[in-house]
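> Hey, dropping query.cif in here, mmCIF, C-alpha atoms, pLDDT in the B column; chains and numbers go by the auth columns:
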data_coords
loop_
_atom_site.group_PDB
_atom_site.id
_atom_site.type_symbol
_atom_site.label_atom_id
_atom_site.label_comp_id
_atom_site.label_asym_id
_atom_site.label_seq_id
_atom_site.Cartn_x
_atom_site.Cartn_y
_atom_site.Cartn_z
_atom_site.B_iso_or_equiv
_atom_site.auth_seq_id
_atom_site.auth_asym_id
ATOM 1 C CA MET A 1 18.748 286.342 77.353 51.00 1 A
ATOM 2 C CA GLN A 2 17.403 289.683 76.315 46.00 2 A
ATOM 3 C CA PHE A 3 15.022 290.164 73.440 45.00 3 A
ATOM 4 C CA ASN A 4 13.677 293.602 72.600 44.00 4 A
ATOM 5 C CA THR A 5 10.603 294.196 70.448 42.00 5 A
ATOM 6 C CA ILE A 6 10.579 292.029 67.357 39.00 6 A
ATOM 7 C CA SER A 7 9.110 294.242 64.705 36.00 7 A
ATOM 8 C CA PHE A 8 7.898 291.964 61.990 35.00 8 A
ATOM 9 C CA LEU A 9 4.116 292.301 61.836 37.00 9 A
ATOM 10 C CA PHE A 10 2.295 289.054 61.367 37.00 10 A
ATOM 11 C CA PHE A 11 -0.456 288.951 58.804 37.00 11 A
ATOM 12 C CA ILE A 12 -3.688 289.922 60.480 37.00 12 A
ATOM 13 C CA THR A 13 -6.584 287.550 60.136 39.00 13 A
ATOM 14 C CA CYS A 14 -9.744 289.616 60.070 37.00 14 A
ATOM 15 C CA SER A 15 -12.895 287.810 61.147 39.00 15 A
ATOM 16 C CA LEU A 16 -16.115 288.423 62.997 36.00 16 A
ATOM 17 C CA LEU A 17 -16.148 286.745 66.379 37.00 17 A
ATOM 18 C CA ALA A 18 -19.012 285.121 68.218 37.00 18 A
ATOM 19 C CA LYS A 19 -21.699 287.293 69.801 40.00 19 A
ATOM 20 C CA GLY A 20 -21.112 288.197 73.412 41.00 20 A
ATOM 21 C CA GLN A 21 -17.454 289.064 72.907 46.00 21 A
ATOM 22 C CA SER A 22 -16.476 292.542 74.066 55.00 22 A
ATOM 23 C CA TYR A 23 -14.422 293.276 70.962 62.00 23 A
ATOM 24 C CA SER A 24 -15.676 291.763 67.737 70.00 24 A
ATOM 25 C CA ASP A 25 -14.524 293.807 64.746 79.00 25 A
ATOM 26 C CA PHE A 26 -11.451 291.735 63.878 80.00 26 A
ATOM 27 C CA ALA A 27 -8.883 289.362 65.347 83.00 27 A
ATOM 28 C CA PHE A 28 -5.079 289.449 65.198 86.00 28 A
ATOM 29 C CA VAL A 29 -3.641 285.907 65.251 91.00 29 A
ATOM 30 C CA LEU A 30 -0.076 285.114 66.333 93.00 30 A
ATOM 31 C CA ASN A 31 0.549 281.488 65.453 93.00 31 A
ATOM 32 C CA GLU A 32 2.585 279.085 67.594 95.00 32 A
ATOM 33 C CA ASN A 33 4.766 278.181 64.594 95.00 33 A
ATOM 34 C CA SER A 34 5.655 281.852 64.091 92.00 34 A
ATOM 35 C CA ILE A 35 6.828 282.162 67.697 93.00 35 A
ATOM 36 C CA ASN A 36 8.960 279.042 67.448 94.00 36 A
ATOM 37 C CA LYS A 37 10.686 280.358 64.319 92.00 37 A
ATOM 38 C CA VAL A 38 12.286 282.910 66.646 89.00 38 A
ATOM 39 C CA PHE A 39 13.820 280.094 68.715 84.00 39 A
ATOM 40 C CA THR A 40 15.157 278.524 65.531 85.00 40 A
ATOM 41 C CA ALA A 41 16.757 281.816 64.498 88.00 41 A
ATOM 42 C CA VAL A 42 18.399 282.261 67.919 83.00 42 A
ATOM 43 C CA GLY A 43 20.192 278.914 67.639 82.00 43 A
ATOM 44 C CA GLU A 44 21.553 276.610 70.339 83.00 44 A
ATOM 45 C CA ILE A 45 21.805 277.758 73.953 90.00 45 A
ATOM 46 C CA LYS A 46 24.831 276.301 75.742 92.00 46 A
ATOM 47 C CA GLY A 47 26.373 276.374 79.201 94.00 47 A
ATOM 48 C CA THR A 48 29.649 275.105 80.650 95.00 48 A
ATOM 49 C CA ASN A 49 31.467 275.133 83.994 95.00 49 A
ATOM 50 C CA GLU A 50 33.530 273.111 86.438 95.00 50 A
ATOM 51 C CA TYR A 51 32.114 270.888 89.188 92.00 51 A
ATOM 52 C CA GLU A 52 33.297 269.052 92.292 91.00 52 A
ATOM 53 C CA VAL A 53 31.429 266.235 94.053 89.00 53 A
ATOM 54 C CA LEU A 54 32.787 263.715 96.566 85.00 54 A
ATOM 55 C CA TYR A 55 36.278 265.185 96.041 85.00 55 A
ATOM 56 C CA ILE A 56 36.015 264.457 92.325 87.00 56 A
ATOM 57 C CA LYS A 57 36.538 267.463 90.046 90.00 57 A
ATOM 58 C CA GLY A 58 35.472 267.686 86.474 92.00 58 A
ATOM 59 C CA HIS A 59 33.965 269.701 83.655 95.00 59 A
ATOM 60 C CA TYR A 60 30.371 269.772 82.459 96.00 60 A
ATOM 61 C CA ASP A 61 28.581 271.289 79.488 96.00 61 A
ATOM 62 C CA TRP A 62 24.993 271.290 78.300 97.00 62 A
ATOM 63 C CA THR A 63 23.138 272.276 75.139 96.00 63 A
ATOM 64 C CA ILE A 64 19.452 273.071 74.668 95.00 64 A
ATOM 65 C CA ILE A 65 17.889 271.363 71.643 93.00 65 A
ATOM 66 C CA ASN A 66 14.506 271.963 69.964 92.00 66 A
ATOM 67 C CA PRO A 67 13.114 274.666 72.282 94.00 67 A
ATOM 68 C CA LYS A 68 9.421 275.324 71.667 95.00 68 A
ATOM 69 C CA ILE A 69 6.488 277.251 73.048 95.00 69 A
ATOM 70 C CA ASN A 70 3.264 275.228 73.164 96.00 70 A
ATOM 71 C CA LEU A 71 0.103 277.334 73.261 96.00 71 A
ATOM 72 C CA MET A 72 -2.972 275.991 75.042 94.00 72 A
ATOM 73 C CA PRO A 73 -6.041 277.822 76.450 92.00 73 A
ATOM 74 C CA ASP A 74 -5.211 277.179 80.121 85.00 74 A
ATOM 75 C CA SER A 75 -1.785 275.570 80.173 87.00 75 A
ATOM 76 C CA SER A 76 0.722 277.042 77.736 94.00 76 A
ATOM 77 C CA PHE A 77 4.200 275.673 78.353 96.00 77 A
ATOM 78 C CA PHE A 78 7.810 275.647 77.177 96.00 78 A
ATOM 79 C CA ASN A 79 9.642 272.441 76.383 95.00 79 A
ATOM 80 C CA CYS A 80 13.036 271.399 75.036 95.00 80 A
ATOM 81 C CA ASP A 81 15.670 268.685 75.300 96.00 81 A
ATOM 82 C CA ALA A 82 18.863 269.215 77.281 96.00 82 A
ATOM 83 C CA LYS A 83 21.947 267.341 76.092 97.00 83 A
ATOM 84 C CA VAL A 84 24.372 267.072 79.013 97.00 84 A
ATOM 85 C CA ASN A 85 28.001 265.954 79.307 96.00 85 A
ATOM 86 C CA VAL A 86 29.465 265.564 82.813 95.00 86 A
ATOM 87 C CA GLY A 87 33.013 264.313 82.545 88.00 87 A
ATOM 88 C CA PRO A 88 32.850 260.936 80.750 90.00 88 A
ATOM 89 C CA PHE A 89 29.132 260.587 81.577 93.00 89 A
ATOM 90 C CA ASN A 90 26.478 261.988 79.220 95.00 90 A
ATOM 91 C CA TYR A 91 22.696 261.938 78.981 96.00 91 A
ATOM 92 C CA LYS A 92 19.711 263.722 77.443 96.00 92 A
ATOM 93 C CA THR A 93 16.679 264.878 79.407 96.00 93 A
ATOM 94 C CA GLN A 94 13.395 266.579 78.541 96.00 94 A
ATOM 95 C CA VAL A 95 12.668 269.951 80.119 97.00 95 A
ATOM 96 C CA VAL A 96 9.129 271.292 80.604 97.00 96 A
ATOM 97 C CA GLY A 97 8.639 274.842 81.838 96.00 97 A
ATOM 98 C CA ASN A 98 6.022 277.466 82.662 96.00 98 A
ATOM 99 C CA VAL A 99 5.133 280.334 80.330 95.00 99 A
ATOM 100 C CA LYS A 100 3.422 283.661 81.004 95.00 100 A
ATOM 101 C CA ILE A 101 1.619 285.358 78.109 95.00 101 A
ATOM 102 C CA ALA A 102 0.292 288.921 78.302 94.00 102 A
ATOM 103 C CA TYR A 103 -0.879 291.792 76.122 92.00 103 A
ATOM 104 C CA ASP A 104 -0.129 295.416 77.058 92.00 104 A
ATOM 105 C CA ASN A 105 -2.892 297.504 75.484 87.00 105 A
ATOM 106 C CA LYS A 106 -1.071 300.811 76.006 88.00 106 A
ATOM 107 C CA LYS A 107 2.255 299.646 74.590 90.00 107 A
ATOM 108 C CA ASN A 108 0.587 297.422 71.982 90.00 108 A
ATOM 109 C CA GLU A 109 2.909 294.537 72.871 92.00 109 A
ATOM 110 C CA ILE A 110 2.328 290.801 73.150 94.00 110 A
ATOM 111 C CA SER A 111 4.862 289.315 75.561 95.00 111 A
ATOM 112 C CA ILE A 112 5.783 285.662 76.077 95.00 112 A
ATOM 113 C CA LYS A 113 8.015 284.936 79.063 95.00 113 A
ATOM 114 C CA ILE A 114 9.512 281.666 80.263 95.00 114 A
ATOM 115 C CA THR A 115 9.028 281.869 84.030 96.00 115 A
ATOM 116 C CA ARG A 116 10.325 278.461 85.137 96.00 116 A
ATOM 117 C CA ALA A 117 12.206 275.653 83.350 97.00 117 A
ATOM 118 C CA ILE A 118 14.575 273.436 85.339 97.00 118 A
ATOM 119 C CA PHE A 119 16.615 270.336 84.658 97.00 119 A
ATOM 120 C CA GLU A 120 18.935 268.383 86.934 96.00 120 A
ATOM 121 C CA LEU A 121 22.673 268.250 86.402 96.00 121 A
ATOM 122 C CA TYR A 122 24.058 265.001 87.793 95.00 122 A
ATOM 123 C CA THR A 123 26.702 262.353 87.318 94.00 123 A
ATOM 124 C CA MET A 124 27.089 258.648 88.096 92.00 124 A
ATOM 125 C CA ILE A 125 29.769 257.421 90.524 88.00 125 A
ATOM 126 C CA LEU A 126 30.076 253.674 91.203 87.00 126 A
ATOM 127 C CA GLY A 127 26.602 253.158 89.772 88.00 127 A
ATOM 128 C CA LYS A 128 25.044 255.783 92.044 92.00 128 A
ATOM 129 C CA LYS A 129 23.388 258.976 90.832 93.00 129 A
ATOM 130 C CA ILE A 130 25.044 262.057 92.360 94.00 130 A
ATOM 131 C CA HIS A 131 23.246 265.411 92.147 95.00 131 A
ATOM 132 C CA ILE A 132 25.450 268.377 91.186 95.00 132 A
ATOM 133 C CA LYS A 133 22.988 271.248 90.758 95.00 133 A
ATOM 134 C CA ASP A 134 19.775 272.356 89.072 96.00 134 A
ATOM 135 C CA ILE A 135 20.004 274.414 85.882 96.00 135 A
ATOM 136 C CA HIS A 136 17.344 277.131 85.750 96.00 136 A
ATOM 137 C CA LEU A 137 16.764 277.922 82.093 95.00 137 A
ATOM 138 C CA GLU A 138 14.537 280.876 82.983 95.00 138 A
ATOM 139 C CA ASP A 139 17.779 282.618 84.006 94.00 139 A
ATOM 140 C CA TYR A 140 18.840 282.440 80.357 90.00 140 A
ATOM 141 C CA PHE A 141 15.548 283.947 79.170 89.00 141 A
ATOM 142 C CA LYS A 142 15.249 286.792 81.684 87.00 142 A
ATOM 143 C CA ASP A 143 13.478 289.113 79.267 88.00 143 A
ATOM 144 C CA PRO A 144 10.353 288.033 77.385 92.00 144 A
ATOM 145 C CA PHE A 145 9.875 287.657 73.675 92.00 145 A
ATOM 146 C CA VAL A 146 7.950 290.798 72.712 93.00 146 A
ATOM 147 C CA PHE A 147 5.910 291.056 69.520 92.00 147 A
ATOM 148 C CA GLU A 148 4.252 294.130 68.127 89.00 148 A
ATOM 149 C CA GLY A 149 0.485 293.905 68.531 87.00 149 A
ATOM 150 C CA PRO A 150 -2.527 294.594 66.309 85.00 150 A
ATOM 151 C CA LYS A 151 -2.660 298.353 66.830 82.00 151 A
ATOM 152 C CA SER A 152 0.221 298.671 64.397 79.00 152 A
ATOM 153 C CA PHE A 153 -2.217 297.702 61.672 79.00 153 A
ATOM 154 C CA ALA A 154 -3.989 300.611 60.027 78.00 154 A
ATOM 155 C CA THR A 155 -5.331 301.078 56.552 81.00 155 A
ATOM 156 C CA ASP A 156 -7.125 303.569 54.383 84.00 156 A
ATOM 157 C CA MET A 157 -9.438 303.305 51.398 86.00 157 A
ATOM 158 C CA SER A 158 -10.745 305.703 48.796 90.00 158 A
ATOM 159 C CA PHE A 159 -14.382 306.182 47.787 87.00 159 A
ATOM 160 C CA THR A 160 -15.692 308.049 44.771 91.00 160 A
ATOM 161 C CA MET A 161 -18.584 310.221 45.885 87.00 161 A
ATOM 162 C CA PRO A 162 -21.670 311.052 43.783 90.00 162 A
ATOM 163 C CA ASP A 163 -20.157 314.433 42.878 89.00 163 A
ATOM 164 C CA SER A 164 -17.033 312.592 41.551 90.00 164 A
ATOM 165 C CA THR A 165 -14.850 313.755 44.404 91.00 165 A
ATOM 166 C CA VAL A 166 -12.701 311.135 46.122 91.00 166 A
ATOM 167 C CA LYS A 167 -13.041 310.694 49.850 89.00 167 A
ATOM 168 C CA LYS A 168 -10.447 308.786 51.870 89.00 168 A
ATOM 169 C CA ILE A 169 -11.492 306.765 54.925 88.00 169 A
ATOM 170 C CA TYR A 170 -8.971 305.782 57.603 87.00 170 A
ATOM 171 C CA VAL A 171 -9.362 302.652 59.736 87.00 171 A
ATOM 172 C CA GLN A 172 -7.339 301.513 62.747 83.00 172 A
ATOM 173 C CA PRO A 173 -7.788 299.268 65.827 83.00 173 A
ATOM 174 C CA THR A 174 -8.675 300.844 69.161 83.00 174 A
ATOM 175 C CA ASP A 175 -9.277 298.691 72.258 83.00 175 A
ATOM 176 C CA CYS A 176 -8.092 295.069 72.176 87.00 176 A
ATOM 177 C CA VAL A 177 -8.266 292.002 74.410 88.00 177 A
ATOM 178 C CA MET A 178 -6.152 288.845 74.199 91.00 178 A
ATOM 179 C CA LYS A 179 -6.919 285.177 74.691 92.00 179 A
ATOM 180 C CA VAL A 180 -4.871 282.032 74.122 95.00 180 A
ATOM 181 C CA VAL A 181 -6.371 279.210 72.084 94.00 181 A
ATOM 182 C CA LYS A 182 -4.795 275.968 70.924 94.00 182 A
ATOM 183 C CA GLN A 183 -1.618 276.809 68.936 94.00 183 A
ATOM 184 C CA ALA A 184 -2.351 280.544 68.707 95.00 184 A
ATOM 185 C CA ILE A 185 -2.648 283.847 70.554 94.00 185 A
ATOM 186 C CA VAL A 186 -5.761 285.719 69.419 92.00 186 A
ATOM 187 C CA THR A 187 -6.086 289.438 70.121 90.00 187 A
ATOM 188 C CA SER A 188 -9.559 290.699 69.233 88.00 188 A
ATOM 189 C CA CYS A 189 -10.150 294.403 68.692 86.00 189 A
ATOM 190 C CA GLU A 190 -12.638 297.122 68.044 87.00 190 A
ATOM 191 C CA ILE A 191 -11.830 299.393 65.129 84.00 191 A
ATOM 192 C CA ALA A 192 -12.381 303.109 64.563 86.00 192 A
ATOM 193 C CA ALA A 193 -13.098 304.655 61.170 86.00 193 A
ATOM 194 C CA SER A 194 -12.742 308.327 60.257 87.00 194 A
ATOM 195 C CA ASP A 195 -12.489 310.610 57.262 84.00 195 A
ATOM 196 C CA LYS A 196 -9.485 312.256 58.918 83.00 196 A
ATOM 197 C CA PRO A 197 -6.065 310.633 59.523 84.00 197 A
ATOM 198 C CA PHE A 198 -5.421 309.278 62.994 77.00 198 A
ATOM 199 C CA LYS A 199 -2.450 310.482 64.973 73.00 199 A
ATOM 200 C CA THR A 200 0.312 307.921 64.729 60.00 200 A
ATOM 201 C CA THR A 201 3.389 307.320 66.847 52.00 201 A
ATOM 202 C CA VAL A 202 6.446 305.911 65.122 45.00 202 A
ATOM 203 C CA LYS A 203 8.409 303.753 67.565 48.00 203 A
ATOM 204 C CA PRO A 204 12.109 303.157 66.834 45.00 204 A
ATOM 205 C CA LEU A 205 13.095 299.498 66.686 46.00 205 A
ATOM 206 C CA PRO A 206 16.268 298.612 68.628 47.00 206 A
ATOM 207 C CA PRO A 207 18.342 295.633 67.469 47.00 207 A
ATOM 208 C CA ILE A 208 18.112 292.254 69.172 45.00 208 A
ATOM 209 C CA GLN A 209 20.798 292.222 71.844 45.00 209 A
ATOM 210 C CA THR A 210 23.224 289.471 72.736 44.00 210 A
ATOM 211 C CA PRO A 211 22.299 287.094 75.572 45.00 211 A
ATOM 212 C CA ASN A 212 22.920 287.819 79.217 51.00 212 A
ATOM 213 C CA LYS A 213 25.297 285.407 80.947 50.00 213 A
ATOM 214 C CA PRO A 214 24.000 284.027 84.250 56.00 214 A
ATOM 215 C CA LYS A 215 25.919 281.610 86.412 56.00 215 A
ATOM 216 C CA ASP A 216 27.363 279.310 83.760 64.00 216 A
ATOM 217 C CA SER A 217 29.449 280.421 80.828 56.00 217 A
ATOM 218 C CA THR A 218 26.996 280.397 77.924 55.00 218 A
ATOM 219 C CA SER A 219 27.017 280.830 74.206 51.00 219 A
ATOM 220 C CA THR A 220 24.638 280.757 71.270 51.00 220 A
ATOM 221 C CA THR A 221 25.316 279.127 67.957 51.00 221 A
ATOM 222 C CA LYS A 222 23.094 279.985 65.032 47.00 222 A
ATOM 223 C CA LYS A 223 21.859 276.934 63.236 46.00 223 A
#
Translate this file's structure into structure tokens.

Amino acid sequence: MQFNTISFLFFITCSLLAKGQSYSDFAFVLNENSINKVFTAVGEIKGTNEYEVLYIKGHYDWTIINPKINLMPDSSFFNCDAKVNVGPFNYKTQVVGNVKIAYDNKKNEISIKITRAIFELYTMILGKKIHIKDIHLEDYFKDPFVFEGPKSFATDMSFTMPDSTVKKIYVQPTDCVMKVVKQAIVTSCEIAASDKPFKTTVKPLPPIQTPNKPKDSTSTTKK
């Protein structure tokens, strides 16, 4: 599933960080709940296909329910429920997957990628569990979720000087570093201030594209 840059800029929480940090002017906080709202907007992820085991042919389908990213300092992960129907047999299983989180300072992008999330597709024949295949959900999330980072934030303020002239000061982030804490991604930055406007680059925002279709026939249904 392909997701290009999602342009909404989350409110920036400005705060001084503890001494010893490399960048301590302010922190940009991307909350776990905000990320999971994107999953809610995408809707259900589904797959369907035919199968054959022990000379028995049939049809299966599966639906992903409640997908979420869980942010932790050293062990962020993806989890969801998979509702599966294999012929007359059906079951629900929990899926836990690996997540990679990164910040590109040059592109000013925070990326969250599901790198591995697998559940087993199986059926029951004469009381015996028969494996059909493994479903790799990372194939349905080939491209990461990409959020615009803190460098998009810039502001200016006006000061009245002693001679009654008005001077405008421009402020924007410069270098930033990212860390993951419980339920949030925190990108801390240095800022630069100047009495002259900074050069800005306006980046066009492409629309979110429809999902790729890996091995199974898939569809999305907006909730």
> Would you tabulate, counting all atoms listed in the file, all residues of range 67-92 of chain A that have an atom at most 12 Å from an atom of range 125-147 of chain A, showing the closest pair of atoms and their distance in Å to one decimal, sorted by chain then ascending number, as a Markdown table?

| residue | atom | partner | partner_atom | distance |
| --- | --- | --- | --- | --- |
| A:Pro67 | CA | A:Leu137 | CA | 11.0 |
| A:Ile69 | CA | A:Phe145 | CA | 11.0 |
| A:Phe78 | CA | A:Glu138 | CA | 10.3 |
| A:Asn79 | CA | A:Leu137 | CA | 10.6 |
| A:Cys80 | CA | A:Leu137 | CA | 10.3 |
| A:Asp81 | CA | A:Leu137 | CA | 11.5 |
| A:Ala82 | CA | A:Ile135 | CA | 10.1 |
| A:Val84 | CA | A:Ile135 | CA | 11.0 |
| A:Val86 | CA | A:Ile132 | CA | 9.7 |
| A:Gly87 | CA | A:Ile125 | CA | 11.0 |
| A:Pro88 | CA | A:Ile125 | CA | 10.8 |
| A:Phe89 | CA | A:Ile125 | CA | 9.5 |
> Taking into account all atoms listed in the file, which residue in the set A:Ser111, A:Ile45, A:Asn90, A:Asp25 is nearest to Thr174 in chain A?
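Ranking A:Ser111, A:Ile45, A:Asn90, A:Asp25 by distance to Thr174 in chain A, first place goes to A:Asp25.
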> Rounded to one decimal place, report the CA of Lys92 in chain A-CA of Gly43 in chain A distance in Å.
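Result for CA of Lys92 in chain A versus CA of Gly43 in chain A: 18.1 Å, one decimal.
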> Contacts of Asn70 in chain A at 10 Å or less, counting only C-alpha atoms, minus same-chain residues fewer than 6 places along, as a ChimeraX atom specification?
/A:32-33,35-36,76-79,99,182-184
> What lies within 8 Å of range 60-62 of chain A using all atoms listed in the file, ignoring chain neighbours under 2 positions off, as a list in words?
Lys46, Gly47, Thr48, Asn49, Glu50, Tyr51, Gly58, Ile64, Ala82, Lys83, Val84, Asn85, Val86 and Gly87 of chain A
> In Å, how far is it from CA of Val166 in chain A to CA of Pro150 in chain A?
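Those two atoms sit 28.0 Å apart.
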> With only C-alpha atoms as the atoms that count, which of A:Met72, A:Val96, A:Leu121, A:Met157 lies nearest to Ala193 in chain A?
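Among A:Met72, A:Val96, A:Leu121, A:Met157, it is A:Met157 that comes nearest to Ala193 in chain A.
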> Could you work out how far CA of Lys100 in chain A lies from CA of Tyr122 in chain A, giving the answer in Å with one decimal?
28.6 Å
> Kindly indicate which residue among A:Phe26, A:Val95, A:Glu44, A:Leu71 lies nearest to Val171 in chain A, using all atoms listed in the file for the distances.
A:Phe26
> Given the point (-1.4, 301.3, 75.9) in the coordinates of this file, which residues lie within 10 Å, counting only C-alpha atoms, and how would they look as a PDB file with C-alpha atoms, keeping the file's coordinate frame?

ATOM      1  CA  TYR A 103      -0.879 291.792  76.122  1.00 92.00           C
ATOM      2  CA  ASP A 104      -0.129 295.416  77.058  1.00 92.00           C
ATOM      3  CA  ASN A 105      -2.892 297.504  75.484  1.00 87.00           C
ATOM      4  CA  LYS A 106      -1.071 300.811  76.006  1.00 88.00           C
ATOM      5  CA  LYS A 107       2.255 299.646  74.590  1.00 90.00           C
ATOM      6  CA  ASN A 108       0.587 297.422  71.982  1.00 90.00           C
ATOM      7  CA  GLU A 109       2.909 294.537  72.871  1.00 92.00           C
ATOM      8  CA  LYS A 151      -2.660 298.353  66.830  1.00 82.00           C
ATOM      9  CA  THR A 174      -8.675 300.844  69.161  1.00 83.00           C
ATOM     10  CA  ASP A 175      -9.277 298.691  72.258  1.00 83.00           C
ATOM     11  CA  CYS A 176      -8.092 295.069  72.176  1.00 87.00           C
TER      12      CYS A 176
END
> Nearest to Ala117 in chain A: which of A:Ile185, A:Lys57, A:Gln94, A:Ile65 is it, counting all atoms listed in the file?
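Among A:Ile185, A:Lys57, A:Gln94, A:Ile65, it is A:Gln94 that comes nearest to Ala117 in chain A.
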> Between A:Val177, A:Ile114, A:Val29, A:Val53, which has the minimum distance to Ile101 in chain A (counting all atoms listed in the file)?
A:Ile114
